[in-house]
Amino acid sequence: MNTPRTQKLLTLWKWSAIILTILVVAVVFFKQEKPTAKKQKPMIIKDKKEPIPQQVAAPSLDPATLMTPEALVKAGEELIFTSDGRTMNSMGRFPVGKGQCAFCHLFADEQKLARCPDLRNVEKRAQERINDPRYAEFSARYAKVPEPSSQLKPQATTGGEYLIESLYCPSCYIVEGYEKEGSGEHPESQMPFVSEMPMMLNDYEIVATVAYLQAMDTPGDYSKVTAKADWERYFNKKLELGENKRPVALPKENLTKTALLEDSPEVMIEKMGCFVCHKIPTVPIATTGLIGPELTMKNKAIQRINSPEYLKAVEMNRARAVTPKEYILESILDPAAFVVPGYGDGDGMPTDYGMKFTVGALNKLANFLLELDENAGKEESVSGPKKPSSASKRD
Ligand code: HEC
Ligand code: HEC
């Protein structure tokens, strides 16, 4: 009778097979898990601690290959538009690279911007600028004493030198209508110094952006790219690669960045680029923006919602804010709802902030702005009646 014996044997086999399988699975599992756990941990920490720019900045590069017209133009494109290059989104905006140029300047017909000079065909226009009688006026003005903030004198002899000069000394020639208001006899340019905070472009990077401007209107043709020679003639020295003062913009930096609740208001203001256009008291990075009003919203927000212009926008069903905080939120999320009098229509605030803030972050930033008045961050030492802030001149 083989049944009991074979059955016994079978169950024995069955159990040993099961136990064996469990063992094998366990061994395989442990073998796999240990190394991945080891690998992943340091990788995550590394990613957080060492931002990708270190790779970009790795200076094991041969200077000669980075100085060719093609290489300069490519570097310039990345500095202006991030490494995504010149790719416009559906809102008519370009990604904004380390140079921040695309926040202010017009580079393409379809781009929705008009507040700063148009840079289309600027290679050609630059040559006309130096023959413009206004250029001679600026030269005469600074013939003896150089322009104070840059210590340079208007002295461009070629279009390329003019472009170089525009970036190192914006006030050496100011495009008509772009003087800082109230800067009087020695007008100052509204254009920021791109070699300083927050852009911090070095000489090589400035030459690269100029190279891009020179090639922009004739894609693929590098014959007009003389930026390096222009720079060397203008400053009478050899161009060097220089050190990276600030890491190059990351791919899609400005498109994928999101303001998070754990970010401080200062971090959000930097991440979202508000500082490029707005002065914001107490925020170290935001001391130069001139495209939009100073964001001292403590009293201003109430004044705005009670202004006749705002009430008109409400009547037209465009604006809806009732409280000061709602006004700030509306300004950020729906800039077209109400345009501050004196500012152009639709050419200022980016329109996609709604997709770049978490709700908590936006709330936090609004509360922060709501606390700021004209005297925020200023020492009490200023005596006498407090003057209205110079940046809010247009309101
Ligand atoms: C915050 C806004 C802003 C940013 C950012 C900015 N510019 Fe400007 N730019 C201006 C304004 C305003 C003017 C006009 C005033 C002047 O002529 O100095 C100007 C003038 C210029 C001119 C002279 C144009 C002409 O028609 O003569 C050039 C060239 C230029 N910018 C290039 C750049 C480049 C390249 C960058 C990025 C590296 C840049 N700008 C970043 C606002 C800006
Ligand atoms: C490219 C330039 C630009 C950037 C970047 C920008 N703004 Fe503005 N902003 C403007 C201009 C121009 C105005 C005035 C026109 C208007 O009302 O839309 C304005 C208006 C405002 C107002 C209303 C101010 C008032 O006096 O009533 C607020 C609030 C504001 N911006 C907040 C922000 C915040 C916060 C950010 C960053 C998340 C930001 N802006 C980024 C250009 C800019």
# chains A, B, ... in the order shown; residues from 1 in each chain; ligands from 1
$ residues_near_ligand --ligand "ligand 1" --cutoff "7 Å" --atoms "only C-alpha atoms and all ligand atoms" --output "number ranges by chain"
A: 80, 99-105, 116-119, 122, 125-126, 129, 163, 166-167, 170-171, 173-175, 178-179, 189-192, 194, 206, 209-210, 276-277, 289-291
$ select_by_dssp --residues "range 77-299 of chain A" --states "helix (DSSP H, G or I)" --output "PyMOL selection string"
chain A and resi 77-81+101-104+122-131+133-141+159-168+170-172+203-215+227-235+253-256+265-271+274-277+297-299
$ residues_near_ligand --ligand "ligand 2" --cutoff "7 Å" --atoms "only C-alpha atoms and all ligand atoms" --output "PDB file with C-alpha atoms, in the first residue's frame"
ATOM      1  CA  PHE A 103      12.463  89.080 -17.453  1.00  0.00           C
ATOM      2  CA  CYS A 104      12.810  92.564 -18.873  1.00  0.00           C
ATOM      3  CA  ILE A 269      11.196  86.227  -3.490  1.00  0.00           C
ATOM      4  CA  MET A 272      10.153  83.514  -8.036  1.00  0.00           C
ATOM      5  CA  GLY A 273      12.208  86.433  -9.332  1.00  0.00           C
ATOM      6  CA  CYS A 274      10.073  89.141  -7.661  1.00  0.00           C
ATOM      7  CA  PHE A 275      13.287  91.026  -6.802  1.00  0.00           C
ATOM      8  CA  VAL A 276      14.100  91.583 -10.468  1.00  0.00           C
ATOM      9  CA  CYS A 277      11.229  94.026 -10.755  1.00  0.00           C
ATOM     10  CA  HIS A 278      10.316  95.085  -7.224  1.00  0.00           C
ATOM     11  CA  ILE A 291      10.042  97.690 -13.198  1.00  0.00           C
ATOM     12  CA  GLY A 292       7.212  97.461 -10.690  1.00  0.00           C
ATOM     13  CA  PRO A 293       6.207  99.429  -7.577  1.00  0.00           C
ATOM     14  CA  GLU A 294       7.992  98.995  -4.265  1.00  0.00           C
ATOM     15  CA  LEU A 295       6.175  96.267  -2.370  1.00  0.00           C
ATOM     16  CA  MET A 297       1.873  96.903   1.015  1.00  0.00           C
ATOM     17  CA  LYS A 300      -0.733 100.726  -0.010  1.00  0.00           C
ATOM     18  CA  ALA A 301      -3.052  97.731  -0.321  1.00  0.00           C
ATOM     19  CA  ARG A 304      -5.425 100.622  -3.787  1.00  0.00           C
ATOM     20  CA  ILE A 328      -2.000  91.125  -2.673  1.00  0.00           C
ATOM     21  CA  SER A 331      -1.953  91.000  -7.707  1.00  0.00           C
ATOM     22  CA  ILE A 332       0.159  87.866  -7.745  1.00  0.00           C
ATOM     23  CA  PRO A 335      -2.118  90.547 -12.425  1.00  0.00           C
ATOM     24  CA  ALA A 336      -4.476  91.660 -15.168  1.00  0.00           C
ATOM     25  CA  PHE A 338      -5.964  95.551 -11.855  1.00  0.00           C
ATOM     26  CA  VAL A 339      -2.923  97.339 -13.200  1.00  0.00           C
ATOM     27  CA  VAL A 340      -1.403  99.929 -10.883  1.00  0.00           C
ATOM     28  CA  TYR A 343       2.205 100.896 -15.342  1.00  0.00           C
ATOM     29  CA  GLY A 344       1.568  99.360 -18.736  1.00  0.00           C
ATOM     30  CA  GLY A 346      -0.032  93.165 -19.206  1.00  0.00           C
ATOM     31  CA  ASP A 347       3.663  93.861 -19.666  1.00  0.00           C
ATOM     32  CA  GLY A 348       4.721  93.555 -16.081  1.00  0.00           C
ATOM     33  CA  MET A 349       3.932  90.734 -13.741  1.00  0.00           C
ATOM     34  CA  PRO A 350       4.450  87.188 -14.964  1.00  0.00           C
ATOM     35  CA  TYR A 353       2.499  82.424 -10.519  1.00  0.00           C
TER      36      TYR A 353
END
$ atom_distance --atom1 "CA of Lys153 in chain A" --atom2 "CA of Arg233 in chain A"
14.3 Å
$ closest_residue --among "A:Lys14, A:Cys169, A:Ala361, A:Tyr204" --to "Lys238 in chain A" --atoms "only C-alpha atoms"
A:Tyr204
$ residues_around --residues "range 363-365 of chain A" --least-positions-apart "4" --cutoff "12 Å" --atoms "only C-alpha atoms" --output "PDB file with N, CA and C atoms, in the first residue's frame"
ATOM      1  N   ALA A 259       7.350  77.709  -5.045  1.00  0.00           N
ATOM      2  CA  ALA A 259       7.524  78.266  -3.724  1.00  0.00           C
ATOM      3  C   ALA A 259       6.790  77.375  -2.727  1.00  0.00           C
ATOM      4  N   LEU A 260       7.484  76.989  -1.675  1.00  0.00           N
ATOM      5  CA  LEU A 260       6.913  76.046  -0.721  1.00  0.00           C
ATOM      6  C   LEU A 260       6.712  76.708   0.635  1.00  0.00           C
ATOM      7  N   LEU A 261       5.824  76.104   1.412  1.00  0.00           N
ATOM      8  CA  LEU A 261       5.518  76.658   2.720  1.00  0.00           C
ATOM      9  C   LEU A 261       6.762  76.786   3.590  1.00  0.00           C
ATOM     10  N   GLU A 262       7.676  75.807   3.474  1.00  0.00           N
ATOM     11  CA  GLU A 262       8.853  75.871   4.348  1.00  0.00           C
ATOM     12  C   GLU A 262       9.871  76.912   3.892  1.00  0.00           C
ATOM     13  N   ASP A 263       9.693  77.493   2.727  1.00  0.00           N
ATOM     14  CA  ASP A 263      10.594  78.561   2.282  1.00  0.00           C
ATOM     15  C   ASP A 263      10.312  79.836   3.074  1.00  0.00           C
ATOM     16  N   SER A 264      11.370  80.569   3.370  1.00  0.00           N
ATOM     17  CA  SER A 264      11.149  81.877   3.988  1.00  0.00           C
ATOM     18  C   SER A 264      10.693  82.829   2.887  1.00  0.00           C
ATOM     19  N   PRO A 265      10.047  83.942   3.267  1.00  0.00           N
ATOM     20  CA  PRO A 265       9.632  84.905   2.238  1.00  0.00           C
ATOM     21  C   PRO A 265      10.810  85.324   1.357  1.00  0.00           C
ATOM     22  N   GLU A 266      12.000  85.498   1.956  1.00  0.00           N
ATOM     23  CA  GLU A 266      13.177  85.901   1.181  1.00  0.00           C
ATOM     24  C   GLU A 266      13.495  84.859   0.102  1.00  0.00           C
ATOM     25  N   VAL A 267      13.419  83.587   0.501  1.00  0.00           N
ATOM     26  CA  VAL A 267      13.722  82.520  -0.458  1.00  0.00           C
ATOM     27  C   VAL A 267      12.691  82.523  -1.588  1.00  0.00           C
ATOM     28  N   MET A 268      11.422  82.707  -1.226  1.00  0.00           N
ATOM     29  CA  MET A 268      10.385  82.730  -2.271  1.00  0.00           C
ATOM     30  C   MET A 268      10.623  83.886  -3.239  1.00  0.00           C
ATOM     31  N   ILE A 269      10.995  85.034  -2.669  1.00  0.00           N
ATOM     32  CA  ILE A 269      11.196  86.227  -3.490  1.00  0.00           C
ATOM     33  C   ILE A 269      12.356  86.007  -4.456  1.00  0.00           C
ATOM     34  N   GLU A 270      13.354  85.248  -4.004  1.00  0.00           N
ATOM     35  CA  GLU A 270      14.455  84.944  -4.914  1.00  0.00           C
ATOM     36  C   GLU A 270      14.044  83.892  -5.938  1.00  0.00           C
ATOM     37  N   MET A 272      11.191  83.095  -7.101  1.00  0.00           N
ATOM     38  CA  MET A 272      10.153  83.514  -8.036  1.00  0.00           C
ATOM     39  C   MET A 272      10.540  84.754  -8.834  1.00  0.00           C
ATOM     40  N   CYS A 274      10.770  87.875  -7.957  1.00  0.00           N
ATOM     41  CA  CYS A 274      10.073  89.141  -7.661  1.00  0.00           C
ATOM     42  C   CYS A 274      11.074  90.297  -7.571  1.00  0.00           C
ATOM     43  N   ILE A 280      11.921  95.512  -2.311  1.00  0.00           N
ATOM     44  CA  ILE A 280      11.166  94.997  -1.168  1.00  0.00           C
ATOM     45  C   ILE A 280      11.997  95.258   0.086  1.00  0.00           C
ATOM     46  N   LEU A 295       7.227  97.071  -3.002  1.00  0.00           N
ATOM     47  CA  LEU A 295       6.175  96.267  -2.370  1.00  0.00           C
ATOM     48  C   LEU A 295       6.038  96.568  -0.877  1.00  0.00           C
ATOM     49  N   MET A 297       3.310  97.055   1.204  1.00  0.00           N
ATOM     50  CA  MET A 297       1.873  96.903   1.015  1.00  0.00           C
ATOM     51  C   MET A 297       1.029  97.254   2.236  1.00  0.00           C
ATOM     52  N   LYS A 325      -5.274  91.824   2.094  1.00  0.00           N
ATOM     53  CA  LYS A 325      -4.606  90.572   1.761  1.00  0.00           C
ATOM     54  C   LYS A 325      -5.111  90.009   0.431  1.00  0.00           C
ATOM     55  N   GLU A 326      -6.399  90.098   0.231  1.00  0.00           N
ATOM     56  CA  GLU A 326      -6.943  89.633  -1.051  1.00  0.00           C
ATOM     57  C   GLU A 326      -6.348  90.426  -2.209  1.00  0.00           C
ATOM     58  N   ILE A 328      -3.347  91.640  -2.382  1.00  0.00           N
ATOM     59  CA  ILE A 328      -2.000  91.125  -2.673  1.00  0.00           C
ATOM     60  C   ILE A 328      -2.091  89.790  -3.419  1.00  0.00           C
ATOM     61  N   LEU A 329      -2.959  88.927  -2.935  1.00  0.00           N
ATOM     62  CA  LEU A 329      -3.113  87.622  -3.592  1.00  0.00           C
ATOM     63  C   LEU A 329      -3.559  87.809  -5.045  1.00  0.00           C
ATOM     64  N   GLU A 330      -4.497  88.703  -5.225  1.00  0.00           N
ATOM     65  CA  GLU A 330      -4.984  88.964  -6.582  1.00  0.00           C
ATOM     66  C   GLU A 330      -3.870  89.509  -7.473  1.00  0.00           C
ATOM     67  N   ILE A 332      -0.801  88.904  -7.376  1.00  0.00           N
ATOM     68  CA  ILE A 332       0.159  87.866  -7.745  1.00  0.00           C
ATOM     69  C   ILE A 332      -0.489  86.839  -8.678  1.00  0.00           C
ATOM     70  N   LEU A 333      -1.723  86.473  -8.378  1.00  0.00           N
ATOM     71  CA  LEU A 333      -2.353  85.374  -9.123  1.00  0.00           C
ATOM     72  C   LEU A 333      -3.043  85.835 -10.401  1.00  0.00           C
ATOM     73  N   PHE A 357       3.150  78.482  -6.832  1.00  0.00           N
ATOM     74  CA  PHE A 357       3.094  78.608  -5.384  1.00  0.00           C
ATOM     75  C   PHE A 357       2.221  77.501  -4.813  1.00  0.00           C
ATOM     76  N   THR A 358       2.613  76.957  -3.668  1.00  0.00           N
ATOM     77  CA  THR A 358       1.632  76.171  -2.936  1.00  0.00           C
ATOM     78  C   THR A 358       0.758  77.187  -2.194  1.00  0.00           C
ATOM     79  N   VAL A 359      -0.430  76.758  -1.815  1.00  0.00           N
ATOM     80  CA  VAL A 359      -1.360  77.678  -1.172  1.00  0.00           C
ATOM     81  C   VAL A 359      -0.740  78.264   0.101  1.00  0.00           C
ATOM     82  N   LEU A 369       4.334  90.545   2.983  1.00  0.00           N
ATOM     83  CA  LEU A 369       4.269  91.823   2.269  1.00  0.00           C
ATOM     84  C   LEU A 369       3.309  92.794   2.960  1.00  0.00           C
ATOM     85  N   LEU A 370       2.301  92.204   3.562  1.00  0.00           N
ATOM     86  CA  LEU A 370       1.285  93.009   4.228  1.00  0.00           C
ATOM     87  C   LEU A 370       1.839  93.752   5.445  1.00  0.00           C
ATOM     88  N   GLU A 371       2.956  93.277   5.969  1.00  0.00           N
ATOM     89  CA  GLU A 371       3.562  93.885   7.157  1.00  0.00           C
ATOM     90  C   GLU A 371       4.501  95.027   6.809  1.00  0.00           C
ATOM     91  N   LEU A 372       4.861  95.154   5.536  1.00  0.00           N
ATOM     92  CA  LEU A 372       5.915  96.095   5.174  1.00  0.00           C
ATOM     93  C   LEU A 372       5.354  97.473   4.864  1.00  0.00           C
TER      94      LEU A 372
END
$ closest_residue --among "A:Ala286, A:Met200, A:Ala227, A:Leu362" --to "Leu213 in chain A" --atoms "only C-alpha atoms"
A:Ala227
